[in-house]
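The data block below is input.cif; it holds mmCIF, C-alpha atoms.
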data_final
#
loop_
_atom_site.label_atom_id
_atom_site.label_comp_id
_atom_site.auth_asym_id
_atom_site.auth_seq_id
_atom_site.Cartn_x
_atom_site.Cartn_y
_atom_site.Cartn_z
CA ALA B 150 -5.97 30.58 0.86
CA ARG B 151 -2.83 32.66 1.18
CA SER B 152 -2.23 36.11 2.53
CA LEU B 153 -0.95 38.62 -0.02
CA ASN B 154 1.61 41.15 1.17
CA ASN B 155 3.12 44.18 -0.51
CA LYS B 156 6.84 45.04 -0.62
CA GLU B 157 6.69 46.39 2.93
CA MET B 158 5.19 43.06 4.07
CA GLN B 159 1.84 44.65 4.89
CA HIS B 160 -1.28 42.60 4.38
CA VAL B 161 -3.03 43.59 1.15
CA GLY B 162 -5.54 40.77 0.63
CA PHE B 163 -6.13 37.06 0.28
CA LEU B 164 -5.56 34.73 -2.62
CA TYR B 165 -8.00 31.82 -2.80
CA MET B 166 -7.58 28.70 -4.87
CA VAL B 167 -10.81 26.88 -5.59
CA MET B 168 -10.72 23.30 -6.88
CA SER B 169 -13.73 21.43 -8.12
CA ASP B 170 -14.57 18.11 -6.51
CA SER B 171 -14.40 16.39 -9.90
CA LEU B 172 -10.75 17.43 -10.29
CA VAL B 173 -9.82 15.71 -7.04
CA GLN B 174 -11.99 12.69 -7.87
CA ASP B 175 -10.26 12.30 -11.23
CA ALA B 176 -6.83 12.47 -9.61
CA PHE B 177 -7.74 9.92 -6.95
CA GLY B 178 -9.59 7.76 -9.47
CA GLN B 179 -6.32 7.04 -11.23
CA LEU B 180 -5.19 5.12 -8.17
CA GLN B 181 -6.79 1.78 -9.04
CA SER B 182 -7.90 -0.05 -5.92
CA ASP B 183 -11.41 -1.05 -5.03
CA GLU B 184 -10.62 -1.92 -1.43
CA ALA B 185 -8.60 1.15 -0.45
CA VAL B 186 -10.24 4.26 0.91
CA ARG B 187 -8.30 7.32 -0.16
CA TYR B 188 -8.18 10.55 1.80
CA LEU B 189 -6.82 14.02 1.28
CA THR B 190 -6.22 15.69 4.64
CA ASP B 191 -4.77 18.95 5.83
CA SER B 192 -1.71 19.08 8.09
CA GLU B 193 -3.85 18.48 11.21
CA GLY B 194 -5.60 15.43 9.74
CA ARG B 195 -8.94 17.05 8.93
CA ILE B 196 -10.40 15.26 5.92
CA LEU B 197 -10.70 17.45 2.83
CA TYR B 198 -11.66 14.65 0.44
CA ARG B 199 -12.54 10.95 0.76
CA SER B 200 -13.04 8.42 -2.00
CA ARG B 201 -16.01 6.79 -0.27
CA LYS B 202 -18.82 9.01 0.83
CA GLU B 203 -20.12 6.52 3.40
CA ALA B 204 -17.09 6.96 5.66
CA ASP B 205 -18.22 8.67 8.84
CA ARG B 206 -15.11 10.21 10.32
CA ASP B 207 -14.07 13.85 9.96
CA CYS B 208 -10.45 13.52 11.03
CA LEU B 209 -7.59 11.00 10.65
CA ASP B 210 -4.72 10.42 13.06
CA ILE B 211 -1.84 11.31 10.74
CA SER B 212 0.77 10.90 13.50
CA VAL B 213 0.54 7.15 12.81
CA LEU B 214 2.10 7.73 9.38
CA ASP B 215 5.45 8.60 10.94
CA GLU B 216 5.47 5.82 13.56
CA LYS B 217 3.96 2.67 12.11
CA LYS B 218 1.98 1.78 9.04
CA ILE B 219 -0.36 -0.81 10.61
CA THR B 220 -2.97 0.47 13.02
CA THR B 221 -6.29 -0.61 14.52
CA LEU B 222 -9.43 1.44 13.93
CA GLU B 223 -12.08 2.21 16.54
CA ASP B 224 -14.21 -0.71 15.34
CA GLY B 225 -11.31 -3.17 15.79
CA ARG B 226 -10.32 -3.60 12.13
CA LYS B 227 -6.60 -3.70 11.36
CA VAL B 228 -5.62 -1.46 8.49
CA ILE B 229 -2.48 -0.29 6.75
CA LEU B 230 -2.05 3.44 6.33
CA ALA B 231 0.04 4.49 3.37
CA GLY B 232 0.50 8.19 2.92
CA ARG B 233 2.72 10.95 1.71
CA ARG B 234 2.92 14.59 2.65
CA ILE B 235 2.52 17.02 -0.23
CA ALA B 236 5.38 19.42 0.30
CA THR B 237 3.85 22.47 -1.37
CA THR B 238 0.60 22.44 0.60
CA GLY B 239 1.40 20.45 3.73
CA TRP B 240 -1.58 18.21 2.99
CA TYR B 241 -1.46 14.43 3.13
CA CYS B 242 -2.57 11.93 0.51
CA ILE B 243 -3.48 8.76 2.44
CA SER B 244 -4.72 5.31 1.46
CA VAL B 245 -6.31 3.06 4.07
CA ILE B 246 -6.33 -0.64 3.16
CA GLU B 247 -7.72 -3.40 5.37
CA MET B 248 -5.32 -6.16 6.38
CA SER B 249 -7.95 -8.82 5.63
CA TYR B 250 -7.99 -7.71 1.97
CA ILE B 251 -4.19 -7.84 1.75
CA MET B 252 -4.15 -11.31 3.33
CA GLN B 253 -6.77 -12.53 0.85
CA ARG B 254 -4.64 -11.26 -2.02
CA ALA B 255 -1.53 -12.92 -0.55
CA LEU B 256 -3.32 -16.27 -0.13
CA VAL B 257 -4.13 -16.27 -3.85
CA LEU B 258 -0.37 -16.52 -4.48
CA LEU B 259 0.03 -19.42 -2.06
CA ARG B 260 -1.27 -22.16 -4.39
CA PRO B 261 1.09 -21.38 -7.32
CA LEU B 262 4.05 -21.00 -4.96
CA LEU B 263 3.26 -24.30 -3.29
CA PHE B 264 2.98 -25.97 -6.70
CA LEU B 265 6.37 -24.57 -7.74
CA ALA B 266 7.95 -25.73 -4.48
CA ILE B 267 6.65 -29.29 -4.98
CA ILE B 268 7.96 -29.34 -8.57
CA TYR B 269 11.34 -28.08 -7.35
CA VAL B 270 11.62 -30.76 -4.64
CA MET B 271 10.63 -33.48 -7.13
CA PHE B 272 13.31 -32.19 -9.53
CA LEU B 273 15.90 -32.35 -6.74
CA PHE B 274 14.98 -35.95 -5.90
CA ILE B 275 15.20 -36.97 -9.57
CA MET B 276 18.61 -35.28 -9.88
CA LEU B 277 19.87 -37.02 -6.72
CA TYR B 278 18.60 -40.37 -8.02
CA MET B 279 20.32 -39.83 -11.38
CA LEU B 280 23.56 -38.77 -9.70
CA ARG B 281 23.47 -41.86 -7.52
CA LYS B 282 22.67 -44.21 -10.40
CA TYR B 283 24.94 -42.80 -13.11
CA VAL B 284 27.81 -41.25 -11.15
CA PHE B 285 28.19 -42.57 -7.60
CA ARG B 286 27.38 -46.27 -8.31
CA PRO B 287 29.81 -46.51 -11.28
CA LEU B 288 32.48 -44.74 -9.21
CA GLY B 289 31.91 -47.26 -6.39
CA THR B 290 32.20 -50.14 -8.85
CA LEU B 291 35.35 -48.64 -10.36
CA LYS B 292 36.86 -48.23 -6.90
#
Here is the file; what I need is its structure written in the form of C-alpha cells.
Amino acid sequence: ARSLNNKEMQHVGFLYMVMSDSLVQDAFGQLQSDEAVRYLTDSEGRILYRSRKEADRDCLDISVLDEKKITTLEDGRKVILAGRRIATTGWYCISVIEMSYIMQRALVLLRPLLFLAIIYVMFLFIMLYMLRKYVFRPLGTLK
C-alpha cells in the first residue's frame, strides 16, 4: 500500500496492490531446487511468502544476510542464507539451503575428481619413465 498525495502533498487516499498467491508461487517455482526453502519477507523480516507450508516460523533474521551467509537455526541445523533485497519494495527474496544437502552434492563430485587425479598421476609417472628411458639414459651413454 502507498499513500497518495495531491500537489500540495496532502493525503488524498491509499493505493493498494493485490497479488495472487499463484503469481508468487509461479515466480518462486522457476527457481529449481527441491531442498531450498524460499521466502519473501518485508524489510523487517516478516515472512510474506514461503515455498513450504510446513515451515513454522513467522519471521526471519535478515540481519544475517549482511554479515555472514552460514548460520545455525534454533534446532541446531546449519544452513546457508542466500538473499537479495528488492530495491523497489524493500522486500527480501531469500533461499535457505541446509549445509548437509550441499555437502552431499559436493561428495558426488569427489569420485570423478579422485579418478581424474589418479589418471593424471599415472600419466606423470609414465612420462617420467619415458623421459628417463628415451632421453636421460641415452644422454648418459653419450656423455
Fewer than 5 positions away in the same chain doesn't count, so skip those; otherwise give me all residues within 7 Å of Lys218 in chain B, counting only C-alpha atoms, as number ranges by chain. B: 213, 229-231
Exactly which residues make up the result of the PyMOL selection byres ((chain B and resi 209) around 9) on this file, given as a ChimeraX atom specification? /B:188,190,193-196,206-208,210-212
Could the residues in this selection be written to a file with C-alpha atoms, as a PDB file, keeping the file's coordinate frame?
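The new file out.pdb reads:
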ATOM      1  CA  TYR B 188      -8.180  10.550   1.800  1.00  0.00           C
ATOM      2  CA  THR B 190      -6.220  15.690   4.640  1.00  0.00           C
ATOM      3  CA  GLU B 193      -3.850  18.480  11.210  1.00  0.00           C
ATOM      4  CA  GLY B 194      -5.600  15.430   9.740  1.00  0.00           C
ATOM      5  CA  ARG B 195      -8.940  17.050   8.930  1.00  0.00           C
ATOM      6  CA  ILE B 196     -10.400  15.260   5.920  1.00  0.00           C
ATOM      7  CA  ARG B 206     -15.110  10.210  10.320  1.00  0.00           C
ATOM      8  CA  ASP B 207     -14.070  13.850   9.960  1.00  0.00           C
ATOM      9  CA  CYS B 208     -10.450  13.520  11.030  1.00  0.00           C
ATOM     10  CA  ASP B 210      -4.720  10.420  13.060  1.00  0.00           C
ATOM     11  CA  ILE B 211      -1.840  11.310  10.740  1.00  0.00           C
ATOM     12  CA  SER B 212       0.770  10.900  13.500  1.00  0.00           C
TER      13      SER B 212
END
Within 12 Å of Thr238 in chain B, counting all atoms listed in the file, which residues show up once you throw out same-chain ones fewer than 2 positions away? Write them as a ChimeraX atom specification, please. /B:150-151,166,189-192,233-236,240-242
Under the rule that all atoms listed in the file are counted, which of B:Leu280, B:Ile243, B:Ala255, B:Met248 is the nearest residue to Val228 in chain B? B:Met248
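Between CA of Thr221 in chain B and CA of Tyr250 in chain B the interatomic distance comes to 14.5 Å.
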